[in-house]
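Asks: Structure file upload-v4.txt (compact mmCIF, N, CA and C atoms) right here:
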```
# COMPACT_ATOMS: atom_id res chain seq x y z
N MET A 1 23.98 38.23 9.69
CA MET A 1 23.63 37.24 8.70
C MET A 1 24.26 35.89 9.10
N ALA A 2 23.47 34.85 9.04
CA ALA A 2 23.92 33.52 9.43
C ALA A 2 24.86 32.95 8.37
N ASN A 3 25.78 32.14 8.81
CA ASN A 3 26.69 31.47 7.90
C ASN A 3 25.97 30.24 7.34
N PHE A 4 25.70 30.26 6.05
CA PHE A 4 24.95 29.17 5.42
C PHE A 4 25.84 28.52 4.37
N ASN A 5 26.21 27.27 4.58
CA ASN A 5 26.99 26.48 3.63
C ASN A 5 26.23 25.21 3.34
N PHE A 6 26.05 24.93 2.06
CA PHE A 6 25.29 23.75 1.67
C PHE A 6 25.88 23.19 0.39
N ASN A 7 26.21 21.92 0.38
CA ASN A 7 26.81 21.27 -0.78
C ASN A 7 26.21 19.88 -0.90
N LYS A 8 25.20 19.73 -1.75
CA LYS A 8 24.50 18.46 -1.91
C LYS A 8 24.12 18.30 -3.38
N VAL A 9 24.41 17.13 -3.92
CA VAL A 9 24.11 16.83 -5.31
C VAL A 9 23.32 15.53 -5.37
N ILE A 10 22.27 15.52 -6.18
CA ILE A 10 21.51 14.30 -6.45
C ILE A 10 21.47 14.14 -7.96
N LEU A 11 21.97 13.01 -8.44
CA LEU A 11 21.99 12.74 -9.88
C LEU A 11 21.38 11.39 -10.17
N GLY A 12 20.68 11.32 -11.26
CA GLY A 12 20.18 10.06 -11.78
C GLY A 12 20.55 9.97 -13.24
N GLY A 13 21.17 8.88 -13.64
CA GLY A 13 21.57 8.70 -15.03
C GLY A 13 22.06 7.29 -15.25
N ARG A 14 22.93 7.15 -16.26
CA ARG A 14 23.47 5.84 -16.60
C ARG A 14 24.99 5.86 -16.55
N LEU A 15 25.58 4.75 -16.10
CA LEU A 15 27.03 4.64 -16.08
C LEU A 15 27.57 4.58 -17.51
N THR A 16 28.66 5.29 -17.76
CA THR A 16 29.25 5.31 -19.10
C THR A 16 30.26 4.19 -19.31
N ALA A 17 30.68 3.54 -18.24
CA ALA A 17 31.63 2.42 -18.32
C ALA A 17 31.50 1.58 -17.06
N ASP A 18 32.05 0.37 -17.10
CA ASP A 18 32.07 -0.45 -15.89
C ASP A 18 32.94 0.23 -14.84
N PRO A 19 32.45 0.36 -13.62
CA PRO A 19 33.31 0.92 -12.57
C PRO A 19 34.39 -0.09 -12.19
N GLU A 20 35.58 0.41 -11.90
CA GLU A 20 36.70 -0.46 -11.56
C GLU A 20 37.20 -0.13 -10.16
N LEU A 21 37.28 -1.14 -9.33
CA LEU A 21 37.72 -0.96 -7.95
C LEU A 21 39.24 -0.89 -7.90
N LYS A 22 39.75 0.14 -7.24
CA LYS A 22 41.19 0.31 -7.06
C LYS A 22 41.47 0.47 -5.58
N THR A 23 42.74 0.33 -5.21
CA THR A 23 43.15 0.47 -3.82
C THR A 23 44.27 1.49 -3.73
N THR A 24 44.16 2.42 -2.79
CA THR A 24 45.20 3.43 -2.59
C THR A 24 46.41 2.78 -1.91
N PRO A 25 47.56 3.45 -1.90
CA PRO A 25 48.72 2.90 -1.19
C PRO A 25 48.45 2.66 0.30
N ASN A 26 47.47 3.37 0.87
CA ASN A 26 47.11 3.19 2.27
C ASN A 26 46.09 2.07 2.48
N GLY A 27 45.70 1.37 1.39
CA GLY A 27 44.78 0.25 1.51
C GLY A 27 43.31 0.62 1.48
N ILE A 28 42.96 1.84 1.08
CA ILE A 28 41.57 2.26 1.01
C ILE A 28 41.06 2.03 -0.40
N VAL A 29 39.89 1.37 -0.52
CA VAL A 29 39.33 1.10 -1.84
C VAL A 29 38.58 2.32 -2.36
N VAL A 30 38.66 2.51 -3.68
CA VAL A 30 38.05 3.66 -4.33
C VAL A 30 37.64 3.26 -5.75
N THR A 31 36.61 3.89 -6.25
CA THR A 31 36.25 3.74 -7.65
C THR A 31 35.87 5.10 -8.21
N SER A 32 36.26 5.34 -9.44
CA SER A 32 35.88 6.55 -10.15
C SER A 32 35.08 6.13 -11.37
N PHE A 33 34.04 6.86 -11.67
CA PHE A 33 33.17 6.52 -12.79
C PHE A 33 32.49 7.78 -13.28
N SER A 34 31.83 7.67 -14.41
CA SER A 34 31.13 8.79 -15.00
C SER A 34 29.67 8.42 -15.20
N ILE A 35 28.80 9.40 -14.97
CA ILE A 35 27.36 9.22 -15.17
C ILE A 35 26.90 10.15 -16.28
N ALA A 36 26.17 9.61 -17.24
CA ALA A 36 25.56 10.41 -18.31
C ALA A 36 24.13 10.74 -17.90
N VAL A 37 23.80 12.03 -17.93
CA VAL A 37 22.46 12.48 -17.56
C VAL A 37 21.90 13.25 -18.75
N ASN A 38 20.76 12.80 -19.26
CA ASN A 38 20.13 13.48 -20.39
C ASN A 38 19.50 14.80 -19.95
N ARG A 39 19.67 15.80 -20.79
CA ARG A 39 18.97 17.07 -20.58
C ARG A 39 17.58 16.96 -21.19
N ARG A 40 16.75 17.93 -20.89
CA ARG A 40 15.46 17.98 -21.57
C ARG A 40 15.71 18.22 -23.05
N PRO A 41 14.98 17.52 -23.91
CA PRO A 41 15.20 17.74 -25.35
C PRO A 41 14.87 19.18 -25.73
N SER A 42 15.71 19.77 -26.55
CA SER A 42 15.45 21.11 -27.06
C SER A 42 15.10 21.01 -28.53
N LYS A 43 14.39 22.00 -29.02
CA LYS A 43 13.99 22.03 -30.43
C LYS A 43 14.98 22.86 -31.22
N SER A 44 15.41 22.32 -32.35
CA SER A 44 16.28 23.08 -33.24
C SER A 44 15.42 24.01 -34.10
N SER A 45 16.06 24.82 -34.89
CA SER A 45 15.32 25.79 -35.72
C SER A 45 14.40 25.11 -36.72
N ASP A 46 14.70 23.88 -37.10
CA ASP A 46 13.83 23.16 -38.05
C ASP A 46 12.79 22.30 -37.34
N GLY A 47 12.68 22.42 -36.01
CA GLY A 47 11.65 21.72 -35.26
C GLY A 47 12.03 20.33 -34.78
N GLN A 48 13.23 19.88 -35.10
CA GLN A 48 13.69 18.56 -34.66
C GLN A 48 14.12 18.61 -33.20
N ALA A 49 13.85 17.54 -32.48
CA ALA A 49 14.25 17.46 -31.07
C ALA A 49 15.72 17.08 -30.99
N ASN A 50 16.49 17.83 -30.23
CA ASN A 50 17.90 17.53 -30.00
C ASN A 50 18.07 17.00 -28.60
N GLN A 51 18.60 15.78 -28.50
CA GLN A 51 18.87 15.20 -27.19
C GLN A 51 20.33 15.42 -26.85
N GLN A 52 20.59 16.07 -25.73
CA GLN A 52 21.95 16.31 -25.27
C GLN A 52 22.11 15.70 -23.89
N SER A 53 23.34 15.32 -23.59
CA SER A 53 23.65 14.72 -22.29
C SER A 53 24.79 15.46 -21.64
N ASP A 54 24.81 15.44 -20.33
CA ASP A 54 25.93 15.94 -19.55
C ASP A 54 26.59 14.74 -18.90
N PHE A 55 27.91 14.82 -18.74
CA PHE A 55 28.68 13.73 -18.16
C PHE A 55 29.33 14.23 -16.88
N PHE A 56 29.11 13.51 -15.79
CA PHE A 56 29.61 13.92 -14.48
C PHE A 56 30.57 12.87 -13.95
N ASN A 57 31.75 13.33 -13.53
CA ASN A 57 32.74 12.44 -12.93
C ASN A 57 32.44 12.26 -11.46
N CYS A 58 32.47 11.02 -11.01
CA CYS A 58 32.11 10.68 -9.64
C CYS A 58 33.20 9.81 -9.02
N THR A 59 33.35 9.94 -7.71
CA THR A 59 34.30 9.12 -6.96
C THR A 59 33.60 8.59 -5.72
N ALA A 60 33.77 7.30 -5.48
CA ALA A 60 33.20 6.67 -4.28
C ALA A 60 34.31 5.95 -3.52
N TRP A 61 34.21 5.97 -2.21
CA TRP A 61 35.23 5.39 -1.34
C TRP A 61 34.67 4.25 -0.51
N ARG A 62 35.55 3.39 -0.07
CA ARG A 62 35.31 2.32 0.89
C ARG A 62 34.13 1.43 0.50
N SER A 63 33.19 1.18 1.41
CA SER A 63 32.10 0.24 1.14
C SER A 63 31.19 0.72 0.02
N THR A 64 31.06 2.03 -0.14
CA THR A 64 30.24 2.55 -1.25
C THR A 64 30.89 2.19 -2.58
N ALA A 65 32.21 2.29 -2.67
CA ALA A 65 32.94 1.90 -3.88
C ALA A 65 32.77 0.41 -4.16
N GLU A 66 32.87 -0.41 -3.12
CA GLU A 66 32.70 -1.85 -3.29
C GLU A 66 31.30 -2.19 -3.77
N PHE A 67 30.30 -1.52 -3.19
CA PHE A 67 28.90 -1.74 -3.57
C PHE A 67 28.68 -1.40 -5.06
N ILE A 68 29.18 -0.26 -5.49
CA ILE A 68 28.98 0.17 -6.88
C ILE A 68 29.65 -0.79 -7.85
N THR A 69 30.89 -1.17 -7.57
CA THR A 69 31.59 -2.07 -8.51
C THR A 69 30.99 -3.47 -8.51
N ARG A 70 30.33 -3.83 -7.45
CA ARG A 70 29.72 -5.16 -7.38
C ARG A 70 28.38 -5.23 -8.13
N TYR A 71 27.58 -4.17 -8.05
CA TYR A 71 26.20 -4.25 -8.54
C TYR A 71 25.89 -3.42 -9.79
N PHE A 72 26.80 -2.59 -10.26
CA PHE A 72 26.51 -1.73 -11.40
C PHE A 72 27.50 -1.97 -12.53
N ARG A 73 27.01 -1.87 -13.76
CA ARG A 73 27.82 -2.06 -14.97
C ARG A 73 27.51 -0.93 -15.95
N LYS A 74 28.29 -0.86 -17.00
CA LYS A 74 28.07 0.13 -18.05
C LYS A 74 26.62 0.07 -18.51
N GLY A 75 25.97 1.24 -18.56
CA GLY A 75 24.57 1.32 -18.98
C GLY A 75 23.57 1.18 -17.86
N SER A 76 24.01 0.75 -16.67
CA SER A 76 23.08 0.62 -15.53
C SER A 76 22.56 1.99 -15.12
N SER A 77 21.27 2.05 -14.83
CA SER A 77 20.72 3.26 -14.25
C SER A 77 21.14 3.33 -12.79
N ILE A 78 21.46 4.54 -12.35
CA ILE A 78 21.96 4.72 -10.99
C ILE A 78 21.49 6.07 -10.47
N CYS A 79 21.24 6.15 -9.20
CA CYS A 79 20.92 7.42 -8.55
C CYS A 79 21.91 7.59 -7.40
N ILE A 80 22.62 8.73 -7.41
CA ILE A 80 23.61 8.98 -6.37
C ILE A 80 23.31 10.27 -5.64
N THR A 81 23.75 10.33 -4.41
CA THR A 81 23.72 11.55 -3.61
C THR A 81 25.15 11.78 -3.13
N GLY A 82 25.60 13.01 -3.22
CA GLY A 82 26.96 13.29 -2.81
C GLY A 82 27.22 14.77 -2.70
N THR A 83 28.50 15.14 -2.74
CA THR A 83 28.92 16.54 -2.64
C THR A 83 29.87 16.87 -3.77
N LEU A 84 29.87 18.14 -4.18
CA LEU A 84 30.82 18.62 -5.18
C LEU A 84 32.15 18.89 -4.51
N GLN A 85 33.21 18.54 -5.21
CA GLN A 85 34.55 18.80 -4.69
C GLN A 85 35.43 19.28 -5.83
N ASN A 86 36.06 20.44 -5.64
CA ASN A 86 36.97 20.99 -6.64
C ASN A 86 38.39 20.58 -6.30
N ARG A 87 39.18 20.35 -7.32
CA ARG A 87 40.60 20.08 -7.11
C ARG A 87 41.39 20.75 -8.23
N SER A 88 42.65 21.02 -7.97
CA SER A 88 43.51 21.65 -8.97
C SER A 88 44.90 21.03 -8.90
N TRP A 89 45.62 21.11 -10.02
CA TRP A 89 46.98 20.59 -10.11
C TRP A 89 47.67 21.29 -11.27
N ASN A 90 48.96 21.12 -11.34
CA ASN A 90 49.75 21.65 -12.44
C ASN A 90 50.09 20.51 -13.39
N ASP A 91 49.79 20.68 -14.68
CA ASP A 91 50.12 19.65 -15.65
C ASP A 91 51.62 19.69 -15.96
N PRO A 92 52.14 18.73 -16.73
CA PRO A 92 53.58 18.68 -17.01
C PRO A 92 54.14 19.95 -17.68
N GLN A 93 53.27 20.71 -18.34
CA GLN A 93 53.71 21.95 -18.97
C GLN A 93 53.64 23.13 -18.01
N GLY A 94 53.22 22.90 -16.78
CA GLY A 94 53.14 23.95 -15.78
C GLY A 94 51.84 24.73 -15.77
N ASN A 95 50.86 24.30 -16.58
CA ASN A 95 49.55 24.96 -16.62
C ASN A 95 48.70 24.50 -15.45
N LYS A 96 47.99 25.42 -14.84
CA LYS A 96 47.08 25.09 -13.74
C LYS A 96 45.82 24.45 -14.33
N ARG A 97 45.46 23.28 -13.85
CA ARG A 97 44.27 22.56 -14.30
C ARG A 97 43.30 22.42 -13.15
N TYR A 98 42.01 22.37 -13.49
CA TYR A 98 40.95 22.28 -12.49
C TYR A 98 39.99 21.17 -12.87
N ALA A 99 39.39 20.55 -11.88
CA ALA A 99 38.35 19.54 -12.10
C ALA A 99 37.36 19.61 -10.96
N THR A 100 36.13 19.29 -11.28
CA THR A 100 35.08 19.20 -10.27
C THR A 100 34.55 17.77 -10.32
N ASP A 101 34.57 17.11 -9.18
CA ASP A 101 34.06 15.74 -9.05
C ASP A 101 32.92 15.71 -8.06
N ILE A 102 32.13 14.66 -8.16
CA ILE A 102 31.09 14.41 -7.18
C ILE A 102 31.58 13.27 -6.30
N VAL A 103 31.71 13.52 -5.02
CA VAL A 103 32.09 12.49 -4.07
C VAL A 103 30.79 11.84 -3.59
N VAL A 104 30.64 10.56 -3.89
CA VAL A 104 29.38 9.85 -3.65
C VAL A 104 29.26 9.46 -2.18
N ASP A 105 28.13 9.84 -1.59
CA ASP A 105 27.81 9.45 -0.21
C ASP A 105 26.82 8.29 -0.18
N GLU A 106 25.85 8.31 -1.08
CA GLU A 106 24.80 7.29 -1.13
C GLU A 106 24.56 6.88 -2.57
N VAL A 107 24.15 5.64 -2.76
CA VAL A 107 23.84 5.14 -4.10
C VAL A 107 22.57 4.29 -4.02
N ASN A 108 21.75 4.38 -5.06
CA ASN A 108 20.49 3.64 -5.09
C ASN A 108 20.28 3.00 -6.45
N PHE A 109 19.63 1.84 -6.43
CA PHE A 109 19.21 1.19 -7.67
C PHE A 109 18.08 2.00 -8.29
N VAL A 110 18.03 2.03 -9.60
CA VAL A 110 16.93 2.68 -10.31
C VAL A 110 16.17 1.65 -11.13
N ASP A 111 16.90 0.74 -11.79
CA ASP A 111 16.26 -0.29 -12.60
C ASP A 111 15.42 -1.20 -11.72
N SER A 112 14.28 -1.65 -12.25
CA SER A 112 13.49 -2.62 -11.51
C SER A 112 14.17 -3.98 -11.64
N LYS A 113 13.82 -4.89 -10.75
CA LYS A 113 14.49 -6.18 -10.77
C LYS A 113 14.26 -6.94 -12.07
N GLY A 114 13.21 -6.64 -12.80
CA GLY A 114 12.96 -7.29 -14.08
C GLY A 114 13.78 -6.70 -15.21
N ASP A 115 14.29 -5.48 -15.04
CA ASP A 115 15.06 -4.83 -16.08
C ASP A 115 16.47 -5.38 -16.21
N ASN A 116 17.00 -5.93 -15.14
CA ASN A 116 18.39 -6.34 -15.14
C ASN A 116 18.52 -7.56 -14.23
N THR A 117 19.14 -8.61 -14.72
CA THR A 117 19.28 -9.82 -13.92
C THR A 117 20.64 -9.90 -13.25
N GLN A 118 21.43 -8.85 -13.29
CA GLN A 118 22.76 -8.90 -12.70
C GLN A 118 22.73 -8.87 -11.18
N TYR A 119 21.58 -8.65 -10.58
CA TYR A 119 21.50 -8.52 -9.14
C TYR A 119 21.06 -9.82 -8.47
N GLN A 120 21.47 -10.97 -8.98
CA GLN A 120 20.98 -12.24 -8.47
C GLN A 120 21.92 -12.86 -7.44
N SER A 121 22.45 -12.08 -6.57
CA SER A 121 23.31 -12.59 -5.52
C SER A 121 22.44 -13.04 -4.35
N SER A 122 22.73 -14.19 -3.78
CA SER A 122 21.90 -14.68 -2.69
C SER A 122 22.27 -14.04 -1.36
N SER A 123 23.51 -13.62 -1.21
CA SER A 123 23.90 -12.93 0.01
C SER A 123 25.02 -11.96 -0.31
N ASP A 124 25.14 -10.91 0.50
CA ASP A 124 26.19 -9.93 0.27
C ASP A 124 26.57 -9.28 1.59
N ASN A 125 27.66 -8.55 1.56
CA ASN A 125 28.15 -7.88 2.76
C ASN A 125 27.73 -6.43 2.83
N PHE A 126 26.96 -5.97 1.86
CA PHE A 126 26.70 -4.55 1.77
C PHE A 126 25.24 -4.19 1.99
N GLY A 127 24.40 -5.11 2.33
CA GLY A 127 23.00 -4.81 2.60
C GLY A 127 22.18 -4.61 1.34
N ALA A 128 22.69 -5.03 0.19
CA ALA A 128 21.96 -4.86 -1.06
C ALA A 128 20.86 -5.90 -1.17
N PRO A 129 19.78 -5.55 -1.84
CA PRO A 129 18.70 -6.52 -2.00
C PRO A 129 19.14 -7.67 -2.89
N SER A 130 18.62 -8.83 -2.63
CA SER A 130 18.89 -9.99 -3.48
C SER A 130 17.69 -10.19 -4.38
N TYR A 131 17.90 -10.07 -5.65
CA TYR A 131 16.83 -10.23 -6.62
C TYR A 131 16.92 -11.60 -7.26
N SER A 132 15.79 -12.15 -7.58
CA SER A 132 15.78 -13.40 -8.33
C SER A 132 14.69 -13.29 -9.39
N THR A 133 14.73 -14.20 -10.33
CA THR A 133 13.74 -14.19 -11.40
C THR A 133 12.51 -15.02 -11.06
N GLU A 134 12.51 -15.65 -9.89
CA GLU A 134 11.37 -16.45 -9.48
C GLU A 134 10.18 -15.55 -9.16
N ALA A 135 8.98 -16.08 -9.36
CA ALA A 135 7.77 -15.32 -9.05
C ALA A 135 7.64 -15.14 -7.55
N THR A 136 7.18 -14.00 -7.13
CA THR A 136 6.97 -13.76 -5.71
C THR A 136 5.60 -14.27 -5.31
N PRO A 137 5.46 -14.78 -4.09
CA PRO A 137 4.16 -15.31 -3.66
C PRO A 137 3.15 -14.17 -3.50
N ASP A 138 1.86 -14.52 -3.66
CA ASP A 138 0.79 -13.55 -3.47
C ASP A 138 0.63 -13.27 -1.99
N PHE A 139 0.16 -12.06 -1.68
CA PHE A 139 -0.14 -11.73 -0.30
C PHE A 139 -1.38 -12.47 0.16
N GLU A 140 -1.40 -12.79 1.44
CA GLU A 140 -2.54 -13.47 2.01
C GLU A 140 -3.69 -12.49 2.18
N VAL A 141 -4.87 -12.87 1.73
CA VAL A 141 -6.05 -12.03 1.88
C VAL A 141 -6.66 -12.30 3.24
N ILE A 142 -6.87 -11.25 4.00
CA ILE A 142 -7.44 -11.37 5.34
C ILE A 142 -8.86 -10.83 5.30
N SER A 143 -9.80 -11.66 5.69
CA SER A 143 -11.19 -11.21 5.70
C SER A 143 -11.49 -10.51 7.02
N GLY A 144 -12.53 -9.71 7.03
CA GLY A 144 -12.96 -9.03 8.24
C GLY A 144 -12.14 -7.80 8.58
N ASP A 145 -11.57 -7.15 7.58
CA ASP A 145 -10.75 -5.97 7.87
C ASP A 145 -11.58 -4.70 8.05
N GLN A 146 -12.93 -4.82 7.99
CA GLN A 146 -13.76 -3.64 8.18
C GLN A 146 -13.74 -3.14 9.62
N ASP A 147 -13.24 -3.95 10.57
CA ASP A 147 -13.14 -3.53 11.96
C ASP A 147 -11.87 -2.77 12.26
N LEU A 148 -10.99 -2.64 11.28
CA LEU A 148 -9.73 -1.92 11.50
C LEU A 148 -10.01 -0.43 11.65
N PRO A 149 -9.29 0.25 12.52
CA PRO A 149 -9.58 1.66 12.80
C PRO A 149 -9.07 2.63 11.73
N PHE A 150 -8.53 2.16 10.65
CA PHE A 150 -8.03 3.09 9.62
C PHE A 150 -8.57 2.75 8.26
```
Spit out the file's structure as structure tokens when you get a sec.
Replies:
Amino acid sequence: MANFNFNKVILGGRLTADPELKTTPNGIVVTSFSIAVNRRPSKSSDGQANQQSDFFNCTAWRSTAEFITRYFRKGSSICITGTLQNRSWNDPQGNKRYATDIVVDEVNFVDSKGDNTQYQSSSDNFGAPSYSTEATPDFEVISGDQDLPF
């Protein structure tokens, strides 16, 4: 039997708070944040729809952390790809505690540029798109495209 190990998470939801950039004693930047993801609505016994959400703790490092803290705020829609990571520690009373976090590898915008105007930076160091509220020009119409082979 082949050794098969796979750890990949894809989440889409909304940030529950503004992400805050911190720096470790070794000078590495990091941000921790939580994403709220709605479940499918379930019906209660009286027929009412119940909306429930799950909250996932996420951690991003280095340029990914800088990107998130620069372009996302509380309530922003976000899509992340990452891996699950378990950790454990002993609390001050000596009890063993456990937590599962998502270590973010990739992050993507979900909101369209018209939904949020916070992305109006003209240049950046992270390769993020620059959005503006100006109208985009129309595409040029080319006549005679019936000769194209596709």
Asks: Hey, what's within 6.5 Å of Asp105 in chain A if we count only N, CA and C atoms and toss same-chain stuff fewer than 5 positions away? As a PyMOL selection string, please?
Replies: chain A and resi 80-83
Asks: By how many Å are atom N of Asn26 in chain A and atom C of Thr64 in chain A apart?
Replies: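 Going from atom N of Asn26 in chain A over to atom C of Thr64 in chain A, I get 17.0 Å.
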Asks: Name the closest residue to Val110 in chain A among the candidates A:Ala2, A:Leu84, A:Ala60, A:Ile78; distances are taken between atoms, counting all atoms listed in the file.
Replies: A:Ile78
Asks: Counting only C-alpha atoms, which residue out of A:Lys74, A:Arg14, A:Arg87, A:Lys8 sits closest to Asp54 in chain A?
Replies: A:Arg14
Asks: Taking the point (25.0, 1.8, -4.2) as given in the file, collect each protein or nucleic acid residue that comes within 6 Å of it, counting only C-alpha atoms, and present the set as a list in words.
Replies: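 Protein, DNA and RNA residues close to (25.0, 1.8, -4.2): Phe67, Ile68, Val107 and Asn108 of chain A.
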Asks: Could you please determine the separation between CA of Val37 in chain A and CA of Ala99 in chain A in Å, to one decimal place?
Replies: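 Those two atoms sit 18.2 Å apart.
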Asks: What does the distance from atom C of Arg97 in chain A to atom C of Trp61 in chain A come to in Å, to one decimal?
Replies: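 Atom C of Trp61 in chain A lies 23.8 Å from atom C of Arg97 in chain A.
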Asks: Could you pull out all residues of range 18-99 of chain A with a DSSP call of strand (DSSP E or B) and give them as an MDAnalysis selection string?
Replies: chainID A and resid 20:23 29:38 42:43 49:50 53:61 77:90 96:99
Asks: Give me the residues within 9 Å of Pro19 in chain A as a PyMOL selection string, counting only C-alpha atoms and dropping any in the same chain fewer than 3 places off.
Replies: chain A and resi 15-16+31-34+65+68-70+72-74
Asks: Around (34.8, 12.3, -12.8) in the file's own coordinates, what residues are found within 8 Å if you use only C-alpha atoms, given back as an MDAnalysis selection string?
Replies: chainID A and resid 32:34 56:59 100:102
Asks: Which residues are close to Val29 in chain A, i.e. within 7 Å by only C-alpha atoms, leaving aside same-chain residues fewer than 5 positions away? Reply as a count of residues only.
Replies: 7
